[in-house]
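File shown: input39.cif (mmCIF, C-alpha atoms and all ligand atoms).
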data_upload
#
loop_
_atom_site.label_atom_id
_atom_site.label_comp_id
_atom_site.auth_asym_id
_atom_site.auth_seq_id
_atom_site.Cartn_x
_atom_site.Cartn_y
_atom_site.Cartn_z
CA MET A 1 58.68 22.31 -183.63
CA SER A 2 60.46 19.29 -185.06
CA HIS A 3 63.17 19.91 -187.64
CA ASN A 4 62.95 16.36 -188.91
CA ILE A 5 61.47 15.71 -192.30
CA ASP A 6 59.74 12.35 -192.60
CA VAL A 7 60.17 10.70 -195.94
CA SER A 8 57.98 7.85 -197.04
CA VAL A 9 58.98 5.99 -200.19
CA SER A 10 57.52 2.79 -201.47
CA LEU A 11 59.54 -0.20 -202.65
CA ASN A 12 56.45 -1.85 -203.98
CA LYS A 13 56.45 -2.62 -207.65
CA ARG A 14 54.07 -4.92 -209.45
CA TYR A 15 55.35 -7.12 -212.21
CA SER A 16 54.18 -10.27 -213.83
CA ILE A 17 55.86 -13.60 -214.38
CA HIS A 18 54.90 -15.57 -217.49
CA VAL A 19 55.75 -19.25 -217.59
CA GLU A 20 54.86 -20.68 -220.99
CA LYS A 21 56.05 -22.65 -223.92
CA ASN A 22 57.05 -19.95 -226.38
CA VAL A 23 56.56 -16.52 -224.86
CA GLU A 24 57.04 -14.59 -228.11
CA LYS A 25 53.51 -13.21 -228.32
CA ALA A 26 53.29 -12.32 -224.63
CA PHE A 27 56.70 -10.64 -224.85
CA PHE A 28 55.65 -8.66 -227.93
CA ASP A 29 52.39 -7.48 -226.34
CA PHE A 30 54.15 -6.49 -223.15
CA CYS A 31 56.88 -4.48 -224.89
CA ALA A 32 54.51 -2.83 -227.39
CA ASP A 33 52.50 -1.53 -224.46
CA ARG A 34 55.42 0.04 -222.68
CA TYR A 35 58.57 0.84 -224.60
CA SER A 36 59.69 2.72 -227.66
CA LYS A 37 60.44 0.25 -230.44
CA GLU A 38 63.65 2.00 -231.40
CA LYS A 39 66.12 -0.08 -229.42
CA VAL A 40 66.55 -2.88 -226.93
CA ILE A 41 69.70 -4.03 -225.15
CA LEU A 42 70.12 -7.79 -224.89
CA VAL A 43 72.62 -9.13 -222.37
CA VAL A 44 72.93 -12.80 -223.32
CA ASP A 45 74.90 -15.79 -222.07
CA GLU A 46 77.12 -16.66 -225.06
CA LYS A 47 76.25 -20.36 -224.90
CA VAL A 48 72.53 -19.59 -224.86
CA TYR A 49 73.01 -17.22 -227.80
CA GLU A 50 74.84 -19.89 -229.75
CA LEU A 51 72.10 -22.44 -229.10
CA HIS A 52 69.08 -20.18 -229.52
CA GLU A 53 70.16 -17.25 -231.72
CA THR A 54 67.27 -17.65 -234.17
CA LYS A 55 64.65 -17.83 -231.44
CA ILE A 56 66.08 -14.85 -229.55
CA GLU A 57 66.37 -12.67 -232.65
CA SER A 58 62.91 -13.58 -233.86
CA MET A 59 61.36 -12.89 -230.47
CA CYS A 60 63.03 -9.53 -229.96
CA SER A 61 62.95 -8.19 -233.51
CA ARG A 62 59.21 -8.75 -233.77
CA TYR A 63 58.80 -5.46 -231.90
CA PHE A 64 62.18 -3.77 -231.57
CA GLU A 65 63.86 -2.24 -234.63
CA ASN A 66 67.43 -2.43 -233.28
CA LEU A 67 68.84 -5.19 -231.14
CA PHE A 68 72.02 -4.21 -229.31
CA VAL A 69 73.39 -7.64 -228.39
CA LEU A 70 76.01 -7.98 -225.67
CA LYS A 71 77.26 -11.52 -225.13
CA ILE A 72 78.85 -12.55 -221.88
CA PRO A 73 81.04 -15.61 -221.29
CA GLN A 74 79.21 -18.47 -219.62
CA GLY A 75 80.02 -19.26 -216.00
CA GLU A 76 80.20 -17.75 -212.56
CA SER A 77 83.34 -15.72 -213.35
CA SER A 78 81.17 -13.34 -215.42
CA LYS A 79 79.66 -12.00 -212.19
CA SER A 80 82.67 -9.68 -211.82
CA LEU A 81 83.25 -5.96 -211.55
CA SER A 82 85.31 -6.05 -214.73
CA GLN A 83 82.49 -7.70 -216.72
CA TRP A 84 80.03 -5.19 -215.24
CA GLN A 85 82.33 -2.32 -216.23
CA GLN A 86 82.67 -3.63 -219.77
CA LEU A 87 78.90 -3.86 -220.22
CA VAL A 88 78.31 -0.39 -218.78
CA ASN A 89 81.00 1.04 -221.07
CA GLU A 90 79.48 -0.59 -224.13
CA ILE A 91 75.94 0.52 -223.27
CA LEU A 92 76.96 4.12 -222.60
CA ALA A 93 79.05 4.23 -225.78
CA GLU A 94 76.05 2.93 -227.74
CA GLY A 95 73.82 5.56 -226.18
CA VAL A 96 70.67 4.78 -224.21
CA GLU A 97 67.76 6.66 -222.74
CA ARG A 98 66.07 6.14 -219.40
CA ASN A 99 63.35 4.05 -221.00
CA THR A 100 65.55 1.83 -223.19
CA PRO A 101 64.88 -1.68 -221.87
CA LEU A 102 67.56 -4.21 -221.07
CA VAL A 103 66.66 -7.90 -221.44
CA ALA A 104 68.73 -10.45 -219.51
CA ILE A 105 68.77 -13.78 -221.37
CA GLY A 106 70.47 -16.68 -219.60
CA GLY A 107 70.73 -18.38 -216.24
CA GLY A 108 71.23 -16.88 -212.82
CA VAL A 109 74.68 -15.56 -213.68
CA THR A 110 73.33 -13.47 -216.56
CA GLY A 111 70.33 -12.30 -214.52
CA ASP A 112 72.44 -11.23 -211.54
CA LEU A 113 75.02 -9.40 -213.67
CA ALA A 114 72.63 -7.82 -216.18
CA GLY A 115 70.28 -6.87 -213.34
CA TYR A 116 73.03 -4.90 -211.64
CA VAL A 117 73.97 -3.27 -214.94
CA ALA A 118 70.32 -2.23 -215.46
CA ALA A 119 70.21 -0.89 -211.90
CA SER A 120 73.34 1.20 -212.44
CA VAL A 121 73.09 2.67 -215.94
CA LEU A 122 71.43 6.11 -215.73
CA ARG A 123 70.49 5.10 -212.14
CA GLY A 124 68.18 2.48 -213.51
CA ILE A 125 66.80 1.45 -216.89
CA PRO A 126 63.91 -1.01 -217.41
CA LEU A 127 64.88 -4.64 -216.87
CA ILE A 128 63.20 -7.76 -218.23
CA HIS A 129 64.33 -11.24 -217.28
CA LEU A 130 64.22 -14.08 -219.79
CA PRO A 131 65.54 -16.93 -217.64
CA THR A 132 66.84 -19.96 -219.55
CA THR A 133 67.84 -22.38 -216.76
CA LEU A 134 65.45 -24.16 -214.44
CA LEU A 135 67.13 -22.48 -211.48
CA ALA A 136 66.70 -19.03 -212.99
CA MET A 137 63.04 -19.72 -213.82
CA VAL A 138 62.08 -20.84 -210.33
CA ASP A 139 64.46 -18.75 -208.28
CA SER A 140 67.00 -16.16 -209.39
CA SER A 141 64.85 -14.16 -211.83
CA ILE A 142 62.30 -13.52 -209.08
CA GLY A 143 62.71 -11.24 -206.12
CA GLY A 144 64.93 -8.46 -207.41
CA LYS A 145 68.32 -9.52 -206.06
CA THR A 146 71.14 -8.61 -208.42
CA GLY A 147 74.77 -9.21 -207.70
CA LEU A 148 78.42 -9.60 -208.47
CA ASN A 149 81.11 -11.57 -206.74
CA HIS A 150 84.12 -9.98 -205.07
CA ASP A 151 87.54 -11.50 -204.35
CA THR A 152 86.44 -11.83 -200.72
CA GLY A 153 83.17 -13.67 -201.39
CA LYS A 154 80.12 -14.43 -203.52
CA ASN A 155 77.36 -11.87 -204.18
CA LEU A 156 78.96 -9.20 -202.01
CA ILE A 157 78.20 -6.38 -204.45
CA GLY A 158 74.71 -5.67 -205.75
CA ALA A 159 71.36 -4.06 -205.26
CA PHE A 160 67.71 -4.93 -204.98
CA TYR A 161 66.35 -4.02 -208.39
CA GLN A 162 63.02 -5.36 -209.59
CA PRO A 163 62.35 -6.23 -213.23
CA ASP A 164 59.37 -4.95 -215.22
CA ALA A 165 58.50 -8.56 -216.08
CA VAL A 166 59.83 -12.11 -216.21
CA PHE A 167 59.23 -14.34 -219.25
CA ALA A 168 60.16 -17.96 -218.57
CA ASP A 169 60.01 -19.78 -221.89
CA VAL A 170 60.36 -23.51 -221.23
CA GLU A 171 61.46 -24.13 -224.82
CA PHE A 172 64.90 -22.93 -223.74
CA LEU A 173 65.10 -25.89 -221.37
CA GLU A 174 65.28 -28.30 -224.30
CA THR A 175 69.04 -27.73 -224.48
CA LEU A 176 69.73 -27.67 -220.74
CA GLU A 177 72.24 -30.23 -219.50
CA GLN A 178 71.19 -32.79 -216.91
CA ARG A 179 73.40 -31.30 -214.20
CA GLU A 180 71.63 -27.95 -214.58
CA TRP A 181 68.21 -29.61 -214.31
CA ILE A 182 69.33 -31.26 -211.10
CA THR A 183 70.60 -27.95 -209.75
CA GLY A 184 67.22 -26.31 -210.38
CA MET A 185 65.34 -29.27 -208.93
CA ALA A 186 67.02 -28.74 -205.55
CA GLU A 187 65.36 -25.33 -205.26
CA ILE A 188 61.99 -26.86 -206.14
CA ILE A 189 62.49 -29.52 -203.44
CA LYS A 190 63.25 -26.61 -201.10
CA TYR A 191 59.90 -24.96 -201.94
CA GLY A 192 58.26 -28.29 -201.19
CA ALA A 193 59.98 -28.40 -197.82
CA ILE A 194 59.23 -24.85 -196.70
CA ARG A 195 55.79 -24.25 -198.26
CA SER A 196 54.18 -26.88 -200.40
CA PRO A 197 54.96 -30.57 -199.67
CA GLU A 198 52.71 -31.60 -202.62
CA LEU A 199 55.62 -30.60 -204.85
CA PHE A 200 57.56 -33.67 -203.68
CA SER A 201 55.25 -36.15 -205.37
CA GLN A 202 54.88 -33.98 -208.48
CA LEU A 203 58.64 -33.74 -208.82
CA GLU A 204 59.13 -37.43 -208.16
CA LYS A 205 57.07 -38.18 -211.26
CA LEU A 206 59.05 -35.71 -213.35
CA LYS A 207 62.58 -36.48 -212.20
CA ASP A 208 63.09 -39.18 -214.84
CA ASN A 209 61.75 -36.97 -217.59
CA LEU A 210 64.04 -33.96 -217.76
CA SER A 211 62.35 -32.50 -220.79
CA ALA A 212 60.30 -29.38 -221.11
CA ASP A 213 57.94 -31.23 -223.44
CA ASP A 214 56.15 -32.51 -220.41
CA GLY A 215 53.47 -29.94 -219.63
CA GLU A 216 53.67 -30.89 -215.98
CA TRP A 217 57.03 -29.15 -215.76
CA ILE A 218 55.29 -25.89 -216.60
CA GLU A 219 52.92 -26.46 -213.67
CA VAL A 220 55.77 -27.20 -211.28
CA ILE A 221 57.76 -24.15 -212.46
CA ARG A 222 54.67 -21.94 -212.09
CA GLU A 223 53.96 -23.24 -208.61
CA SER A 224 57.60 -22.71 -207.58
CA ALA A 225 57.62 -19.18 -208.98
CA ARG A 226 54.38 -18.50 -207.11
CA ILE A 227 55.91 -19.66 -203.82
CA LYS A 228 59.03 -17.56 -204.26
CA THR A 229 56.88 -14.57 -205.22
CA ASP A 230 54.67 -15.00 -202.14
CA ILE A 231 57.67 -15.11 -199.84
CA VAL A 232 59.48 -12.11 -201.33
CA GLN A 233 56.27 -10.09 -201.37
CA GLU A 234 56.00 -10.65 -197.65
CA ASP A 235 59.60 -9.59 -197.08
CA THR A 236 61.19 -7.80 -200.05
CA LEU A 237 64.43 -6.77 -198.34
CA GLU A 238 65.07 -9.98 -196.42
CA ALA A 239 64.34 -8.71 -192.94
CA GLY A 240 62.52 -11.87 -191.86
CA LYS A 241 60.58 -14.53 -193.76
CA ARG A 242 62.67 -14.31 -196.90
CA ALA A 243 65.41 -16.00 -194.91
CA HIS A 244 63.32 -19.20 -195.03
CA LEU A 245 64.41 -19.45 -198.66
CA ASN A 246 67.83 -20.30 -197.25
CA PHE A 247 66.62 -23.71 -196.06
CA GLY A 248 69.54 -26.09 -196.74
CA HIS A 249 71.72 -23.21 -197.89
CA THR A 250 73.80 -22.56 -194.75
CA PHE A 251 74.90 -26.20 -194.86
CA GLY A 252 75.10 -26.11 -198.66
CA HIS A 253 77.31 -23.04 -198.87
CA ALA A 254 79.76 -24.69 -196.44
CA LEU A 255 79.87 -27.78 -198.66
CA GLU A 256 80.53 -25.72 -201.77
CA ARG A 257 83.33 -23.89 -199.99
CA VAL A 258 85.01 -26.98 -198.51
CA ALA A 259 84.65 -29.06 -201.69
CA GLY A 260 85.98 -26.17 -203.79
CA TYR A 261 83.57 -24.12 -205.87
CA GLY A 262 82.47 -25.97 -208.98
CA SER A 263 83.28 -29.51 -207.84
CA ILE A 264 79.89 -29.73 -206.09
CA SER A 265 77.26 -27.62 -207.82
CA HIS A 266 75.08 -25.22 -205.84
CA GLY A 267 72.01 -27.43 -206.28
CA GLU A 268 73.83 -30.59 -205.23
CA ALA A 269 75.12 -28.79 -202.14
CA VAL A 270 71.68 -27.43 -201.29
CA PHE A 271 70.13 -30.90 -201.62
CA ALA A 272 72.70 -32.34 -199.19
CA GLY A 273 72.22 -29.27 -196.98
CA MET A 274 68.49 -29.94 -196.77
CA ILE A 275 69.20 -33.48 -195.60
CA ALA A 276 71.44 -32.10 -192.85
CA ALA A 277 68.90 -29.42 -191.84
CA THR A 278 66.10 -31.99 -191.73
CA TYR A 279 68.20 -34.31 -189.57
CA PHE A 280 68.93 -31.41 -187.19
CA SER A 281 65.20 -30.58 -187.05
CA LYS A 282 64.39 -34.19 -186.16
CA GLU A 283 67.05 -34.15 -183.44
CA LEU A 284 65.18 -31.25 -181.87
CA GLY A 285 62.10 -33.45 -181.71
CA HIS A 286 60.21 -32.22 -184.77
CA PRO A 287 58.32 -35.11 -186.34
CA ILE A 288 59.48 -35.10 -189.95
CA ASP A 289 59.48 -38.05 -192.30
CA ASP A 290 62.67 -37.59 -194.29
CA THR A 291 62.00 -40.48 -196.67
CA VAL A 292 60.69 -37.84 -199.11
CA PHE A 293 64.34 -37.34 -200.09
CA THR A 294 64.88 -41.01 -200.94
CA PRO A 295 63.56 -40.94 -204.55
CA PHE A 296 65.98 -38.12 -205.41
CA MET A 297 69.02 -39.53 -203.62
CA SER A 298 70.51 -41.53 -206.50
CA LEU A 299 70.21 -38.59 -208.89
CA TYR A 300 72.31 -36.40 -206.59
CA LYS A 301 74.70 -39.17 -205.52
CA GLN A 302 75.55 -39.87 -209.16
CA GLN A 303 76.54 -36.23 -209.67
CA ILE A 304 78.70 -35.79 -206.59
CA GLN A 305 82.09 -37.36 -207.21
CA SER A 306 83.65 -36.70 -203.84
CA PHE A 307 81.73 -35.56 -200.79
CA PRO A 308 83.78 -33.73 -198.12
CA SER A 309 83.99 -35.94 -195.06
CA GLN A 310 85.41 -33.64 -192.38
CA PRO A 311 82.53 -32.34 -190.21
CA ASP A 312 84.78 -29.95 -188.26
CA LYS A 313 85.95 -28.26 -191.44
CA LEU A 314 82.35 -27.98 -192.62
CA ILE A 315 81.30 -26.38 -189.32
CA GLU A 316 84.18 -23.89 -189.56
CA ALA A 317 83.01 -23.01 -193.08
CA MET A 318 79.47 -22.46 -191.79
CA LYS A 319 80.81 -19.85 -189.38
CA THR A 320 81.91 -17.70 -192.32
CA ASP A 321 78.39 -17.63 -193.80
CA LYS A 322 76.97 -14.18 -194.52
CA LYS A 323 73.96 -14.94 -192.33
CA VAL A 324 76.01 -15.53 -189.14
CA LYS A 325 74.93 -13.10 -186.40
CA ASN A 326 77.22 -12.28 -183.45
CA ASN A 327 79.27 -15.34 -184.33
CA ILE A 328 76.22 -17.62 -184.05
CA ILE A 329 75.21 -19.70 -187.05
CA GLN A 330 71.58 -19.13 -188.04
CA LEU A 331 69.87 -22.30 -189.24
CA VAL A 332 66.59 -22.60 -191.09
CA LEU A 333 64.89 -25.66 -189.60
CA LEU A 334 61.48 -27.29 -189.97
CA LYS A 335 58.79 -27.88 -187.35
CA GLU A 336 57.10 -29.99 -189.97
CA TRP A 337 57.01 -29.99 -193.77
CA GLY A 338 55.89 -26.54 -194.89
CA SER A 339 56.67 -24.90 -191.55
CA PRO A 340 60.17 -23.39 -191.38
CA TYR A 341 61.70 -21.29 -188.62
CA ILE A 342 65.06 -19.70 -187.82
CA LYS A 343 67.12 -21.21 -185.04
CA PRO A 344 70.39 -19.72 -183.80
CA CYS A 345 72.63 -22.75 -183.47
CA THR A 346 74.56 -22.98 -180.22
CA ASP A 347 74.69 -26.78 -180.01
CA LEU A 348 77.71 -27.70 -182.08
CA SER A 349 77.45 -31.39 -181.15
CA LYS A 350 74.06 -31.61 -182.88
CA LEU A 351 75.54 -29.80 -185.85
CA LYS A 352 78.34 -32.33 -186.02
CA ALA A 353 75.84 -35.19 -185.78
CA ALA A 354 73.85 -33.68 -188.68
CA TRP A 355 77.00 -33.50 -190.79
CA ASN A 356 78.05 -37.06 -189.90
CA TYR A 357 74.61 -38.35 -190.88
CA THR A 358 74.72 -36.48 -194.20
CA ILE A 359 78.29 -37.58 -194.97
CA ASP A 360 77.18 -41.20 -194.42
CA GLN A 361 74.32 -40.76 -196.90
CA PHE A 362 76.68 -39.68 -199.67
CA ASN A 363 79.59 -42.07 -199.09
N1 LIG A 401 69.38 -13.34 -207.59
C1 LIG A 401 68.96 -14.36 -206.90
O1 LIG A 401 67.97 -14.28 -206.15
C2 LIG A 401 69.66 -15.68 -207.05
C3 LIG A 401 69.08 -16.85 -206.52
C4 LIG A 401 69.73 -18.06 -206.73
C5 LIG A 401 70.92 -18.10 -207.43
N2 LIG A 401 71.46 -16.94 -207.91
C6 LIG A 401 72.70 -16.96 -208.69
O2 LIG A 401 72.45 -17.70 -209.88
C7 LIG A 401 73.67 -18.24 -210.36
C8 LIG A 401 73.44 -19.66 -210.78
O3 LIG A 401 72.48 -19.67 -211.81
P1 LIG A 401 72.39 -20.89 -212.84
O4 LIG A 401 72.40 -22.16 -212.10
O5 LIG A 401 71.28 -20.57 -213.76
O6 LIG A 401 73.82 -20.82 -213.55
P2 LIG A 401 74.35 -20.18 -214.93
O7 LIG A 401 73.72 -18.92 -215.26
O8 LIG A 401 75.83 -20.22 -214.81
O9 LIG A 401 73.90 -21.28 -216.00
C9 LIG A 401 74.40 -22.59 -215.88
C10 LIG A 401 74.96 -23.10 -217.21
O10 LIG A 401 73.87 -23.35 -218.08
C11 LIG A 401 74.11 -22.76 -219.35
N3 LIG A 401 72.79 -22.48 -219.90
C12 LIG A 401 71.91 -21.51 -219.55
N4 LIG A 401 70.75 -21.66 -220.19
C13 LIG A 401 70.89 -22.75 -220.99
C14 LIG A 401 70.04 -23.41 -221.89
N5 LIG A 401 68.79 -23.03 -222.08
N6 LIG A 401 70.52 -24.49 -222.56
C15 LIG A 401 71.79 -24.92 -222.35
N7 LIG A 401 72.63 -24.35 -221.49
C16 LIG A 401 72.19 -23.26 -220.81
C17 LIG A 401 74.97 -21.57 -219.06
O11 LIG A 401 75.74 -21.21 -220.20
C18 LIG A 401 75.86 -22.11 -217.95
O12 LIG A 401 76.94 -22.83 -218.49
C19 LIG A 401 74.67 -18.09 -209.23
O13 LIG A 401 75.56 -17.05 -209.55
C20 LIG A 401 73.84 -17.70 -208.04
O14 LIG A 401 74.54 -16.88 -207.13
C21 LIG A 401 70.84 -15.76 -207.74
#

Rewrite the structure of this file - the entire thing - as structure tokens.
Amino acid sequence: MSHNIDVSVSLNKRYSIHVEKNVEKAFFDFCADRYSKEKVILVVDEKVYELHETKIESMCSRYFENLFVLKIPQGESSKSLSQWQQLVNEILAEGVERNTPLVAIGGGVTGDLAGYVAASVLRGIPLIHLPTTLLAMVDSSIGGKTGLNHDTGKNLIGAFYQPDAVFADVEFLETLEQREWITGMAEIIKYGAIRSPELFSQLEKLKDNLSADDGEWIEVIRESARIKTDIVQEDTLEAGKRAHLNFGHTFGHALERVAGYGSISHGEAVFAGMIAATYFSKELGHPIDDTVFTPFMSLYKQQIQSFPSQPDKLIEAMKTDKKVKNNIIQLVLLKEWGSPYIKPCTDLSKLKAAWNYTIDQFN
């Protein structure tokens, strides 16, 4: 007789993503259906709170009687253990129950930090994402990754923790700075590359109109959210296909590291990384027309003040990527648009050629 006990637990959780102009009614209906109206915790980016206090308060107080607002400083440095500790302390001191919801209102930094707080307090309280950057709407609020940075690297602490719902209200985008639009656009270009090349032409039309007033943005955000959702549903814990979402990122992370974090934004680095990955794919004989990048080039070139020009340094930085396996860099390449695959990279001369090509494009 076997002494083993087989345990089967499910990670599946259904939740919906609303992308709309003004989500107040949808948010009210959703909360009224599920939670006690006594209290809600809001973890809010301080800049977003300053810009949208009236909207946030009106949306949340329509159903909840008490808003417990916790503001966090804007910027990547908020994804820290000390900021996490401070939020947990304040929430526990305030007193919460297992079903008190926490709403994360801000960009990816707020979502990652607040998500990990929600995952930790009482071993998990309900989480709702209200993403306010383009990047958070199309990427970071979806898929359940939460995280903090550690002195030794980015996103090294965290958990998979799925929200109850995501409400992407494009009205927030009215105050978004151009650089943040461009950062989010890189992830949309990525979805075009790995799943849905039609996005290229849609985005090309929108790139000169960075304003949420254009209803077509809603369509593009919805389509992007749908693609991310499809991929993470197929591979929630990143055992396989989810890695395709890293297209351009292995190159991009190296650029961010060599340039110094902040001097090239994540989106700018990912855009350049996609150019390098596409070049590498073409070198392997895959027939890809990379002129799709041309309409976006000037937008990204304008933003990047100084592009690192040492390919060897960039390759060394790639070797420290989290996704390296047995010392071999794992690249996401394309057989054609919409058809990504993972390729362990052993040919460093091709890698160097890809970097040289990309460096030339930006200098
Ligand atoms: N969890 C995931 O799956 C995932 C995926 C991608 C990225 N990320 C993480 O997301 C973070 C980046 O997210 P981000 O680009 O949204 O950065 P962010 O959260 O730092 O926001 C960027 C800037 O925009 C400001 N801002 C936010 N909303 C605004 C608005 N509506 N109007 C005006 N200003 C606004 C913020 O104050 C901040 O200064 C990184 O930490 C990254 O690691 C996570």

Practice problem: Show which residues sit within 10 Å of region 285-288 of chain A, as a list in words. Count only C-alpha atoms, and ignore same-chain residues fewer than 4 positions away. | Solution: Thr278, Tyr279, Phe280, Ser281, Val292, Leu333, Leu334, Lys335, Glu336 and Trp337 of chain A

Quiz item: So which residues are near ligand LIG 401 (chain A), meaning at most 8 Å away with all atoms listed in the file counted, given back as number ranges by chain?
Solution: A: 45-48, 51-52, 73-76, 79, 106-112, 131-136, 139-147, 154-155, 171-177, 180, 183-184, 266-267

Quiz prompt | Closest of A:Lys205, A:Lys313, A:Lys21, A:Arg62 to Ala259 (chain A) - atom-to-atom distances counting all atoms listed in the file | solution = A:Lys313

Quiz prompt | Non-local contacts of His249 (chain A) (8 Å; all atoms listed in the file; under 6 positions in same chain excluded) as an NGL selection string | solution = :A and (269-270 or 273-274)

Write the residues of the preceding selection, restricted to C-alpha atoms, as a PDB file, in the frame of the given file.
ATOM      1  CA  ALA A 269      75.120 -28.790-202.140  1.00  0.00           C
ATOM      2  CA  VAL A 270      71.680 -27.430-201.290  1.00  0.00           C
ATOM      3  CA  GLY A 273      72.220 -29.270-196.980  1.00  0.00           C
ATOM      4  CA  MET A 274      68.490 -29.940-196.770  1.00  0.00           C
TER       5      MET A 274
END

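Computed from the coordinates, the CA of Val69 (chain A) to CA of Val170 (chain A) distance equals 21.7 Å.
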
Quiz item: What is the distance, in Å and to one decimal place, between CA of Glu187 (chain A) and CA of Leu245 (chain A)?
Solution: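 We find that CA of Glu187 (chain A) and CA of Leu245 (chain A) lie 8.9 Å from each other.
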
Exercise. Name the residues, using the chain letters and numbers of the file, that sit within 8 Å of (61.1, -16.0, -199.6) when counting all atoms listed in the file, and give them as a list in words.
Key: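 The requested residues, written out, are Ile227, Lys228, Thr229, Asp230, Ile231, Val232, Gln233, Glu234, Asp235, Glu238, Lys241, Arg242, Ala243, His244 and Leu245 of chain A.
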